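entry_35.cif, holding mmCIF, C-alpha atoms:
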data_input
#
loop_
_atom_site.label_atom_id
_atom_site.label_comp_id
_atom_site.auth_asym_id
_atom_site.auth_seq_id
_atom_site.Cartn_x
_atom_site.Cartn_y
_atom_site.Cartn_z
CA MET A 1 -115.09 -0.10 0.17
CA SER A 2 -112.88 -1.17 3.01
CA VAL A 3 -109.33 -2.37 2.63
CA GLN A 4 -108.36 -5.19 4.91
CA ARG A 5 -104.75 -5.18 5.87
CA PHE A 6 -102.87 -8.36 6.72
CA VAL A 7 -99.97 -7.79 9.09
CA ARG A 8 -97.34 -10.60 9.46
CA ARG A 9 -96.44 -11.07 13.05
CA ALA A 10 -92.85 -11.75 14.11
CA PRO A 11 -92.32 -15.29 15.47
CA HIS A 12 -91.86 -15.76 19.19
CA PRO A 13 -88.11 -15.93 20.21
CA ALA A 14 -88.52 -19.30 21.94
CA ALA A 15 -90.25 -20.76 18.90
CA ALA A 16 -87.50 -19.42 16.63
CA ALA A 17 -84.81 -21.02 18.81
CA VAL A 18 -86.62 -24.36 18.80
CA SER A 19 -87.01 -24.18 15.03
CA SER A 20 -83.32 -23.33 14.56
CA ARG A 21 -82.27 -26.18 16.87
CA ALA A 22 -84.51 -28.59 15.00
CA GLY A 23 -82.97 -27.50 11.71
CA ARG A 24 -79.45 -28.13 13.02
CA LEU A 25 -80.50 -31.53 14.33
CA ARG A 26 -81.90 -32.41 10.92
CA GLN A 27 -78.60 -31.40 9.35
CA LEU A 28 -76.53 -33.35 11.87
CA ALA A 29 -78.72 -36.44 11.82
CA PRO A 30 -77.17 -37.92 8.62
CA ALA A 31 -73.64 -37.36 9.96
CA TRP A 32 -74.51 -38.96 13.32
CA SER A 33 -76.18 -41.90 11.65
CA GLY A 34 -73.17 -42.37 9.40
CA GLN A 35 -70.78 -42.27 12.36
CA ALA A 36 -72.98 -44.70 14.30
CA PHE A 37 -73.03 -47.09 11.35
CA THR A 38 -69.26 -46.86 10.99
CA TRP A 39 -68.73 -47.48 14.71
CA THR A 40 -71.15 -50.42 14.70
CA ARG A 41 -69.46 -51.91 11.67
CA SER A 42 -65.97 -51.64 13.18
CA SER A 43 -67.07 -52.82 16.64
CA TRP A 44 -69.44 -55.64 15.71
CA VAL A 45 -67.10 -58.19 17.31
CA ASP A 46 -67.19 -56.34 20.65
CA ILE A 47 -70.97 -55.94 20.45
CA ALA A 48 -71.39 -59.64 19.71
CA TRP A 49 -69.13 -60.52 22.64
CA VAL A 50 -71.09 -58.28 25.04
CA ALA A 51 -74.31 -59.99 23.95
CA PHE A 52 -72.69 -63.40 24.43
CA VAL A 53 -71.55 -62.44 27.95
CA ALA A 54 -75.00 -61.13 28.81
CA LEU A 55 -76.61 -64.42 27.75
CA ASN A 56 -74.15 -66.43 29.83
CA LEU A 57 -74.64 -64.18 32.86
CA ALA A 58 -78.36 -64.76 32.54
CA ALA A 59 -77.71 -68.50 32.30
CA MET A 60 -75.57 -68.36 35.46
CA ARG A 61 -78.33 -66.49 37.29
CA LEU A 62 -81.31 -68.49 36.06
CA LEU A 63 -79.79 -71.95 35.62
CA PRO A 64 -77.59 -72.76 38.62
CA VAL A 65 -77.64 -76.44 37.68
CA TRP A 66 -75.37 -75.67 34.74
CA GLN A 67 -72.70 -74.84 37.33
CA THR A 68 -69.41 -73.69 35.70
CA VAL A 69 -70.36 -74.01 32.03
CA PRO A 70 -71.55 -70.40 31.41
CA PHE A 71 -68.92 -69.08 33.84
CA LEU A 72 -66.06 -70.69 31.92
CA ALA A 73 -67.65 -69.74 28.61
CA ILE A 74 -67.47 -66.06 29.65
CA TRP A 75 -63.78 -66.22 30.60
CA VAL A 76 -62.81 -68.27 27.55
CA SER A 77 -64.61 -65.78 25.30
CA LEU A 78 -62.82 -62.92 27.08
CA THR A 79 -59.49 -64.58 26.36
CA VAL A 80 -60.44 -65.07 22.72
CA ILE A 81 -61.70 -61.51 22.24
CA TYR A 82 -58.57 -60.06 23.86
CA GLY A 83 -56.32 -62.08 21.58
CA TYR A 84 -58.36 -60.89 18.62
CA ARG A 85 -58.66 -57.21 19.54
CA LEU A 86 -55.63 -56.71 21.83
CA TRP A 87 -57.13 -53.75 23.71
CA ARG A 88 -55.01 -51.08 25.33
CA ILE A 89 -54.18 -51.58 28.98
CA GLN A 90 -56.86 -49.26 30.43
CA PRO A 91 -59.91 -50.77 28.64
CA THR A 92 -58.46 -54.22 29.32
CA ILE A 93 -58.34 -53.61 33.09
CA LEU A 94 -61.83 -52.09 33.06
CA THR A 95 -63.23 -55.07 31.13
CA LEU A 96 -61.46 -57.50 33.44
CA ALA A 97 -62.88 -55.75 36.51
CA ALA A 98 -66.40 -55.70 35.04
CA VAL A 99 -66.36 -59.42 34.17
CA THR A 100 -64.86 -60.31 37.57
CA ILE A 101 -67.49 -58.32 39.49
CA ALA A 102 -70.36 -59.62 37.35
CA THR A 103 -69.43 -63.30 37.54
CA GLY A 104 -68.25 -63.08 41.15
CA GLY A 105 -71.41 -61.25 42.20
CA ILE A 106 -73.72 -63.88 40.71
CA ILE A 107 -71.71 -66.73 42.22
CA GLY A 108 -71.59 -64.94 45.60
CA VAL A 109 -75.38 -64.60 45.63
CA GLN A 110 -75.71 -68.29 44.74
CA VAL A 111 -73.29 -69.24 47.53
CA LEU A 112 -75.26 -67.18 50.05
CA LYS A 113 -78.48 -68.88 48.94
CA GLY A 114 -76.86 -72.28 49.22
CA GLN A 115 -77.23 -72.98 45.52
CA GLN A 116 -73.41 -73.33 45.00
CA ASP A 117 -70.47 -74.41 47.12
CA ALA A 118 -68.14 -71.75 48.56
CA ASP A 119 -65.20 -73.32 46.66
CA TYR A 120 -66.85 -72.21 43.44
CA LEU A 121 -66.37 -68.57 44.46
CA ALA A 122 -62.60 -69.06 44.78
CA GLU A 123 -62.37 -69.78 41.04
CA VAL A 124 -63.24 -66.19 40.14
CA PRO A 125 -60.03 -64.47 41.40
CA LEU A 126 -57.89 -67.39 40.22
CA ILE A 127 -59.19 -67.22 36.65
CA ALA A 128 -58.98 -63.41 36.73
CA LEU A 129 -55.34 -63.70 37.83
CA MET A 130 -54.62 -66.18 35.04
CA PHE A 131 -56.13 -63.77 32.54
CA LEU A 132 -54.10 -60.91 33.99
CA VAL A 133 -50.89 -62.96 33.61
CA MET A 134 -51.83 -63.66 30.00
CA VAL A 135 -52.38 -59.94 29.44
CA TRP A 136 -48.97 -59.15 30.92
CA HIS A 137 -47.30 -61.77 28.76
CA GLY A 138 -49.09 -60.50 25.66
CA ARG A 139 -48.12 -56.90 26.37
CA ARG A 140 -44.52 -57.94 26.89
CA ARG A 141 -44.48 -59.82 23.59
CA LEU A 142 -46.11 -56.85 21.88
CA ALA A 143 -43.50 -54.48 23.30
CA ALA A 144 -40.71 -56.79 22.13
CA THR A 145 -42.25 -56.94 18.66
CA GLU A 146 -42.52 -53.15 18.54
CA GLU A 147 -38.87 -52.85 19.58
CA ARG A 148 -37.83 -55.25 16.82
CA LEU A 149 -39.89 -53.32 14.28
CA ALA A 150 -38.34 -50.07 15.47
CA ALA A 151 -34.87 -51.61 15.20
CA MET A 152 -35.66 -52.87 11.69
CA GLU A 153 -36.90 -49.42 10.68
CA GLU A 154 -33.70 -47.89 12.06
CA VAL A 155 -31.59 -50.42 10.16
CA GLN A 156 -33.54 -49.66 7.00
CA ARG A 157 -33.09 -45.94 7.54
CA VAL A 158 -29.35 -46.37 8.07
CA SER A 159 -29.12 -48.61 4.99
CA GLN A 160 -30.92 -46.04 2.86
CA GLU A 161 -28.67 -43.31 4.22
CA ASN A 162 -25.56 -45.40 3.49
CA LEU A 163 -26.87 -46.09 -0.02
CA ARG A 164 -27.41 -42.38 -0.55
CA LEU A 165 -23.89 -41.60 0.67
CA LEU A 166 -22.43 -44.31 -1.58
CA LYS A 167 -24.24 -42.84 -4.57
CA GLN A 168 -22.92 -39.40 -3.68
CA GLN A 169 -19.41 -40.80 -3.28
CA ARG A 170 -19.61 -42.59 -6.63
CA ARG A 171 -20.92 -39.44 -8.32
CA PHE A 172 -18.14 -37.38 -6.72
CA LEU A 173 -15.48 -39.83 -7.93
CA GLN A 174 -16.90 -39.78 -11.44
CA ASP A 175 -17.11 -35.99 -11.54
CA ALA A 176 -13.65 -35.56 -10.01
CA SER A 177 -12.07 -38.03 -12.44
CA HIS A 178 -13.69 -36.32 -15.42
CA GLU A 179 -12.68 -32.86 -14.23
CA LEU A 180 -9.10 -33.91 -13.53
CA GLY A 181 -8.62 -35.42 -16.95
CA THR A 182 -8.35 -32.19 -18.97
CA PRO A 183 -5.90 -30.22 -16.74
CA ILE A 184 -3.72 -33.30 -16.28
CA THR A 185 -3.52 -33.82 -20.06
CA VAL A 186 -2.67 -30.14 -20.64
CA ALA A 187 0.00 -30.10 -17.92
CA LEU A 188 1.44 -33.39 -19.16
CA GLY A 189 1.77 -32.06 -22.69
CA HIS A 190 3.63 -28.94 -21.51
CA ALA A 191 5.92 -30.99 -19.28
CA GLU A 192 6.82 -33.29 -22.19
CA LEU A 193 7.52 -30.29 -24.42
CA ILE A 194 9.79 -28.77 -21.78
CA GLU A 195 11.58 -32.10 -21.32
CA ARG A 196 12.33 -32.32 -25.06
CA ALA A 197 13.12 -28.65 -25.61
CA VAL A 198 15.46 -27.75 -22.76
CA THR A 199 19.19 -28.29 -22.97
CA ASN A 200 19.86 -27.96 -19.25
CA PRO A 201 20.03 -31.53 -17.86
CA VAL A 202 18.80 -30.42 -14.44
CA VAL A 203 15.69 -28.81 -15.92
CA ALA A 204 15.16 -31.85 -18.15
CA GLU A 205 15.34 -34.15 -15.16
CA ASP A 206 12.86 -31.99 -13.26
CA ALA A 207 10.52 -32.03 -16.25
CA ARG A 208 10.83 -35.83 -16.38
CA VAL A 209 9.84 -36.06 -12.71
CA VAL A 210 6.84 -33.83 -13.37
CA THR A 211 5.88 -35.98 -16.36
CA ASP A 212 6.10 -39.18 -14.34
CA GLU A 213 3.99 -37.77 -11.53
CA LEU A 214 1.39 -36.45 -13.96
CA MET A 215 1.22 -39.87 -15.63
CA ARG A 216 0.77 -41.39 -12.21
CA LEU A 217 -2.00 -38.90 -11.40
CA ARG A 218 -3.75 -39.67 -14.71
CA ARG A 219 -3.64 -43.41 -13.99
CA LEU A 220 -5.07 -42.69 -10.54
CA SER A 221 -7.99 -40.66 -11.92
CA THR A 222 -8.67 -43.30 -14.58
CA ARG A 223 -8.77 -46.09 -12.02
CA MET A 224 -10.93 -44.07 -9.65
CA LEU A 225 -13.40 -43.54 -12.50
CA LEU A 226 -13.35 -47.25 -13.31
CA LEU A 227 -14.01 -48.23 -9.70
CA ALA A 228 -16.79 -45.65 -9.40
CA SER A 229 -18.55 -47.10 -12.45
CA ALA A 230 -17.98 -50.77 -11.50
CA GLU A 231 -21.49 -51.19 -10.10
CA GLY A 232 -23.24 -49.43 -12.97
CA PRO A 233 -25.52 -51.32 -15.36
CA ASP A 234 -23.37 -50.51 -18.40
CA PHE A 235 -20.02 -51.43 -16.84
CA LEU A 236 -19.73 -54.65 -18.91
CA HIS A 237 -20.43 -55.38 -22.56
CA LEU A 238 -20.57 -59.17 -22.63
CA THR A 239 -19.39 -61.12 -25.66
CA PRO A 240 -17.74 -64.55 -26.10
CA VAL A 241 -14.04 -63.99 -25.37
CA PRO A 242 -11.38 -66.60 -26.28
CA VAL A 243 -9.19 -67.06 -23.24
CA GLU A 244 -6.02 -67.80 -25.19
CA SER A 245 -6.10 -64.53 -27.15
CA VAL A 246 -6.60 -62.45 -23.98
CA VAL A 247 -3.66 -64.13 -22.23
CA VAL A 248 -1.32 -63.89 -25.25
CA ASP A 249 -2.19 -60.22 -25.85
CA ALA A 250 -1.48 -59.39 -22.20
CA LEU A 251 1.87 -61.13 -22.41
CA ASP A 252 2.72 -59.21 -25.58
CA ARG A 253 1.91 -55.89 -23.90
CA TRP A 254 4.20 -56.56 -20.95
CA GLY A 255 6.93 -58.63 -22.61
CA HIS A 256 9.23 -55.61 -23.02
CA THR A 257 9.64 -55.28 -19.24
CA PRO A 258 12.94 -56.88 -18.13
CA ARG A 259 11.63 -60.06 -16.48
CA HIS A 260 11.75 -63.75 -17.35
CA TRP A 261 8.32 -64.11 -18.95
CA ARG A 262 6.66 -67.45 -19.53
CA LEU A 263 3.36 -68.51 -21.06
CA GLY A 264 2.00 -71.30 -18.90
CA PRO A 265 -0.80 -73.79 -19.60
CA VAL A 266 -3.65 -72.07 -21.44
CA ALA A 267 -7.12 -73.62 -21.77
CA GLU A 268 -8.59 -73.35 -25.26
CA THR A 269 -12.02 -72.24 -24.12
CA THR A 270 -14.26 -69.18 -24.07
CA VAL A 271 -15.71 -66.99 -21.36
CA LEU A 272 -18.72 -64.70 -21.63
CA GLY A 273 -17.26 -61.39 -20.59
CA ASP A 274 -16.04 -57.92 -21.46
CA ARG A 275 -12.74 -58.29 -23.31
CA ASP A 276 -11.52 -54.79 -22.42
CA ARG A 277 -12.33 -55.18 -18.72
CA ILE A 278 -10.66 -58.60 -18.56
CA ALA A 279 -7.59 -57.08 -20.22
CA VAL A 280 -7.56 -54.31 -17.60
CA ALA A 281 -7.71 -56.93 -14.82
CA LEU A 282 -4.81 -58.90 -16.32
CA ASP A 283 -2.79 -55.71 -16.79
CA ALA A 284 -3.33 -54.83 -13.14
CA LEU A 285 -2.13 -58.28 -12.04
CA LEU A 286 0.91 -58.07 -14.31
CA GLU A 287 1.71 -54.56 -13.10
CA ASN A 288 1.49 -55.84 -9.54
CA ALA A 289 3.80 -58.77 -10.41
CA VAL A 290 6.33 -56.42 -11.98
CA ALA A 291 6.22 -54.17 -8.90
CA TYR A 292 7.03 -57.09 -6.58
CA THR A 293 9.78 -58.67 -8.68
CA SER A 294 13.26 -57.81 -9.90
CA PRO A 295 14.67 -58.11 -13.44
CA GLY A 296 15.96 -61.63 -12.72
CA ASP A 297 12.62 -62.98 -11.43
CA ARG A 298 10.11 -65.09 -13.36
CA ILE A 299 6.50 -64.12 -14.21
CA GLU A 300 4.17 -66.71 -15.70
CA VAL A 301 0.74 -66.15 -17.22
CA GLY A 302 -1.72 -68.99 -17.82
CA ALA A 303 -5.35 -70.11 -17.75
CA ARG A 304 -7.00 -73.37 -16.75
CA VAL A 305 -10.54 -74.69 -16.43
CA GLU A 306 -11.75 -75.21 -12.88
CA GLY A 307 -15.28 -76.62 -12.72
CA GLU A 308 -17.62 -74.16 -14.41
CA ALA A 309 -15.05 -71.35 -14.40
CA VAL A 310 -11.75 -70.37 -15.98
CA ALA A 311 -8.88 -69.34 -13.71
CA LEU A 312 -6.62 -66.68 -15.24
CA ALA A 313 -3.38 -66.98 -13.26
CA VAL A 314 -0.37 -64.70 -12.86
CA THR A 315 2.49 -66.32 -10.95
CA ASP A 316 5.73 -64.61 -9.95
CA SER A 317 8.86 -65.55 -8.05
CA GLY A 318 9.24 -62.19 -6.33
CA CYS A 319 9.32 -61.15 -2.70
CA GLY A 320 5.88 -62.50 -1.83
CA ILE A 321 3.33 -61.07 0.58
CA GLN A 322 3.15 -61.39 4.34
CA ASP A 323 0.19 -63.27 5.81
CA ALA A 324 -1.01 -60.16 7.65
CA ASP A 325 -1.35 -58.30 4.32
CA LEU A 326 -3.20 -61.03 2.42
CA GLN A 327 -6.54 -60.07 4.00
CA ARG A 328 -6.27 -56.40 3.04
CA ILE A 329 -4.49 -56.15 -0.30
CA PHE A 330 -7.77 -56.11 -2.28
CA LYS A 331 -9.00 -53.04 -0.41
CA ARG A 332 -8.70 -49.67 -2.08
CA PHE A 333 -5.40 -47.82 -1.55
CA ALA A 334 -3.95 -50.82 0.31
CA ARG A 335 -0.38 -51.96 -0.37
CA ALA A 336 1.65 -54.77 1.08
CA GLU A 337 4.40 -53.98 3.57
CA PRO A 338 7.56 -54.60 1.44
CA HIS A 339 6.26 -52.33 -1.28
CA ARG A 340 5.38 -49.36 0.88
CA SER A 341 8.98 -48.22 1.26
CA ARG A 342 9.70 -48.28 -2.46
CA PRO A 343 9.98 -44.84 -4.08
CA SER A 344 7.84 -45.97 -7.02
CA GLY A 345 5.09 -47.32 -4.81
CA GLY A 346 1.90 -48.24 -6.63
CA LEU A 347 -1.45 -46.51 -6.41
CA GLY A 348 -3.08 -49.17 -4.23
CA LEU A 349 -6.02 -49.52 -6.62
CA GLY A 350 -4.86 -52.26 -8.99
CA LEU A 351 -6.03 -55.27 -6.99
CA ALA A 352 -9.25 -53.49 -6.03
CA ILE A 353 -9.94 -53.05 -9.75
CA VAL A 354 -9.20 -56.74 -10.36
CA GLN A 355 -11.69 -57.74 -7.68
CA ALA A 356 -14.35 -55.31 -8.97
CA ILE A 357 -14.04 -56.64 -12.55
CA ALA A 358 -14.11 -60.27 -11.41
CA GLU A 359 -17.20 -59.76 -9.25
CA ALA A 360 -18.94 -57.82 -12.02
CA HIS A 361 -18.54 -60.94 -14.20
CA GLY A 362 -19.96 -63.11 -11.44
CA GLY A 363 -16.52 -64.46 -10.56
CA SER A 364 -13.92 -63.92 -7.87
CA VAL A 365 -10.23 -63.38 -7.25
CA ARG A 366 -7.86 -65.24 -4.92
CA VAL A 367 -4.19 -65.19 -3.98
CA GLN A 368 -1.60 -67.65 -2.73
CA SER A 369 1.68 -66.26 -1.50
CA THR A 370 4.71 -67.32 0.52
CA PHE A 371 6.74 -64.48 1.91
CA GLY A 372 10.10 -64.44 0.16
CA HIS A 373 9.08 -67.03 -2.48
CA GLY A 374 6.59 -65.31 -4.77
CA SER A 375 2.83 -65.06 -5.26
CA LYS A 376 0.06 -66.47 -7.44
CA PHE A 377 -3.04 -64.43 -8.27
CA GLU A 378 -6.05 -66.03 -9.99
CA VAL A 379 -9.14 -64.43 -11.49
CA LEU A 380 -12.05 -66.87 -11.77
CA LEU A 381 -14.54 -66.11 -14.56
CA PRO A 382 -17.61 -68.21 -15.49
CA LEU A 383 -17.34 -70.29 -18.65
CA ALA A 384 -19.44 -69.28 -21.63
CA PRO A 385 -22.23 -71.73 -22.56
CA ALA A 386 -20.75 -74.13 -25.11
CA GLY A 387 -21.80 -77.23 -27.02
CA PRO A 388 -20.35 -80.69 -26.35
CA GLU A 389 -18.04 -80.30 -29.32
CA SER A 390 -16.18 -77.38 -27.74
CA ALA A 391 -14.64 -79.18 -24.78
CA PRO A 392 -11.75 -77.25 -23.25
CA ARG A 393 -8.19 -78.43 -23.67
CA ASP A 394 -4.99 -77.36 -21.97
CA ARG A 395 -1.76 -76.81 -23.81
CA VAL A 396 1.62 -75.60 -22.61
CA THR A 397 3.45 -73.04 -24.71
CA PRO A 398 6.69 -72.04 -22.99
CA ALA A 399 7.92 -68.62 -23.97
CA ALA A 400 10.95 -67.15 -22.27
CA ARG A 401 11.70 -63.50 -22.85
#

Taking this structure as input, can you express it in the form of structure tokens?
Amino acid sequence: MSVQRFVRRAPHPAAAAVSSRAGRLRQLAPAWSGQAFTWTRSSWVDIAWVAFVALNLAAMRLLPVWQTVPFLAIWVSLTVIYGYRLWRIQPTILTLAAVTIATGGIIGVQVLKGQQDADYLAEVPLIALMFLVMVWHGRRRLAATEERLAAMEEVQRVSQENLRLLKQQRRFLQDASHELGTPITVALGHAELIERAVTNPVVAEDARVVTDELMRLRRLSTRMLLLASAEGPDFLHLTPVPVESVVVDALDRWGHTPRHWRLGPVAETTVLGDRDRIAVALDALLENAVAYTSPGDRIEVGARVEGEAVALAVTDSGCGIQDADLQRIFKRFARAEPHRSRPSGGLGLGLAIVQAIAEAHGGSVRVQSTFGHGSKFEVLLPLAPAGPESAPRDRVTPAAR
């Protein structure tokens, strides 16, 4: 019995290489087909235009009687496709050169054969030049648009950076005001104890100076905190606020100061606002009026309806404000010139707080002043929605103090 052995032969190296190459091609074929489909889909406009140009070139070559119709159709279509695709400069020049040579070559052959006039050939460089001018103009407009977009992006970046810095500044003011509150209160309490306990008048006077400065520092931190929170969503708690009660309460709080106080015309109406914030604004105006007047001067507080708003007015007969200072007194830490030399100079935040509170209510603040003859500050606040039965009235209640 014979045993037949079957021996597998190794494949030839060339056959193995061909087989391996064929396998790789089979693997790459789906990727290539996908890329070709994607390219065809994104470039179908260019492909359609090339086919359109080819048909018109054939018409120019085979139908000379049509004269300039297919020639102009090619150049018009080139203008349209460029405006639609807006190629880069290199493919644009190459396409322009190809169309110029193709159309010029066909027309040149026709001129040599006597099928067209020689003037027809001169149209080719002229139309090519017109197209080149259009390309230059389009590129210039595109560059200008890109510059404007870049400038707008830079402005947006700067605005975002400024907004970030403002948020950091507001957070710093809030944190600093909170952190200053506790040590100021502790130091103020010890200074008051020393002022009451000591028998030495010099030490008592020094303690009184320390107390006054600490009170001033506490007012500064409180106002900085208020200004820092002025743009927050919870800065106001809006409720209907009777104007008369706000004005009378403010006058009661300040009536002990040695001035000639007077309650002017007060409109019996209501505003939709934050009573505490409005009181702070009135206190700041009254503090400012006291700072710019002497004990013999008059300060009047009133309120009147002006259109759809109520004007809360504080009028004084003090030293007034120079015209050069009227444009800057509502800025933070700004003070008018006559007041800068006073030892008890203000903090420079009162009027800034008034403006912040007025604007938070959707209102405004304005001032009228004559140097040497007093000033008039007005806070305009929107009226609260009211029925026809609650029409505002003005009444005058003189009150000298």

Rounded to one decimal in Å, what is the spacing between atom CA of A:Ala352 and atom CA of A:Asp325?
-> 13.9 Å

Report as a compact mmCIF listing (two decimals) with C-alpha atoms, in the frame of the given file all protein, DNA and RNA residues lying within 10 Å of stretch 133-135 of chain A, evaluated on all atoms listed in the file, omitting residues in the same chain fewer than 3 positions from it.
# COMPACT_ATOMS: atom_id res chain seq x y z
CA THR A 79 -59.49 -64.58 26.36
CA TYR A 82 -58.57 -60.06 23.86
CA GLY A 83 -56.32 -62.08 21.58
CA LEU A 86 -55.63 -56.71 21.83
CA TRP A 87 -57.13 -53.75 23.71
CA ILE A 89 -54.18 -51.58 28.98
CA THR A 92 -58.46 -54.22 29.32
CA ILE A 93 -58.34 -53.61 33.09
CA ILE A 127 -59.19 -67.22 36.65
CA ALA A 128 -58.98 -63.41 36.73
CA LEU A 129 -55.34 -63.70 37.83
CA MET A 130 -54.62 -66.18 35.04
CA GLY A 138 -49.09 -60.50 25.66
CA ARG A 139 -48.12 -56.90 26.37
CA ARG A 140 -44.52 -57.94 26.89
CA ARG A 141 -44.48 -59.82 23.59

Non-local contacts of A:Ala73 (10 Å; only C-alpha atoms; under 6 positions in same chain excluded) as a list of chain:residue names | A:Phe52, A:Val53, A:Asn56, A:Leu57, A:Thr79

Kindly save the residues from that selection, with C-alpha atoms included, as a CSV table (one decimal), keeping the file's coordinate frame.
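Wrote it out as out_13.csv, contents follow:
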chain,number,residue,atom,x,y,z
A,52,PHE,CA,-72.7,-63.4,24.4
A,53,VAL,CA,-71.6,-62.4,28.0
A,56,ASN,CA,-74.2,-66.4,29.8
A,57,LEU,CA,-74.6,-64.2,32.9
A,79,THR,CA,-59.5,-64.6,26.4

Given the PyMOL selection byres ((chain A and resi 306) around 10), the residues it picks as a PyMOL selection string | chain A and resi 303-305+307-311+380-383

Atom-to-atom span, atom CA of A:Gln368 and atom CA of A:Leu326, Å | 8.5 Å

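Here the question is which of A:Gly264, A:Gly189, A:Pro258, A:Gly104 gets nearest to A:Ala313 using all atoms listed in the file, and that residue is A:Gly264.
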
Write out as an MDAnalysis selection string each polymer residue whose atoms come within 12 Å of A:Glu231, counting only C-alpha atoms; drop sequence neighbours fewer than 3 positions from it.
-> chainID A and resid 166:167 170:171 225:228 234:236 353 356:361

Any chance you could work out the residue set of the PyMOL selection byres ((chain A and resi 376) around 10) here, as a ChimeraX atom specification?
-> /A:285,289,299-301,313-317,320,366-370,374-375,377-378

Print the selection's residues with C-alpha atoms to a file, as an mmCIF file, in the frame of the given file.
data_model
loop_
_atom_site.group_PDB
_atom_site.id
_atom_site.type_symbol
_atom_site.label_atom_id
_atom_site.label_comp_id
_atom_site.auth_asym_id
_atom_site.auth_seq_id
_atom_site.Cartn_x
_atom_site.Cartn_y
_atom_site.Cartn_z
ATOM 1 C CA LEU A 285 -2.130 -58.280 -12.040
ATOM 2 C CA ALA A 289 3.800 -58.770 -10.410
ATOM 3 C CA ILE A 299 6.500 -64.120 -14.210
ATOM 4 C CA GLU A 300 4.170 -66.710 -15.700
ATOM 5 C CA VAL A 301 0.740 -66.150 -17.220
ATOM 6 C CA ALA A 313 -3.380 -66.980 -13.260
ATOM 7 C CA VAL A 314 -0.370 -64.700 -12.860
ATOM 8 C CA THR A 315 2.490 -66.320 -10.950
ATOM 9 C CA ASP A 316 5.730 -64.610 -9.950
ATOM 10 C CA SER A 317 8.860 -65.550 -8.050
ATOM 11 C CA GLY A 320 5.880 -62.500 -1.830
ATOM 12 C CA ARG A 366 -7.860 -65.240 -4.920
ATOM 13 C CA VAL A 367 -4.190 -65.190 -3.980
ATOM 14 C CA GLN A 368 -1.600 -67.650 -2.730
ATOM 15 C CA SER A 369 1.680 -66.260 -1.500
ATOM 16 C CA THR A 370 4.710 -67.320 0.520
ATOM 17 C CA GLY A 374 6.590 -65.310 -4.770
ATOM 18 C CA SER A 375 2.830 -65.060 -5.260
ATOM 19 C CA PHE A 377 -3.040 -64.430 -8.270
ATOM 20 C CA GLU A 378 -6.050 -66.030 -9.990
#

Hits from the PyMOL selection byres ((chain A and resi 184) around 12), listed as a ChimeraX atom specification | /A:176-183,185-191,210-222

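Residue nearest A:Phe172 within the list A:Val247, A:Leu112, A:Met224, A:Val124: A:Met224 [criterion: smallest interatomic distance, only C-alpha atoms].
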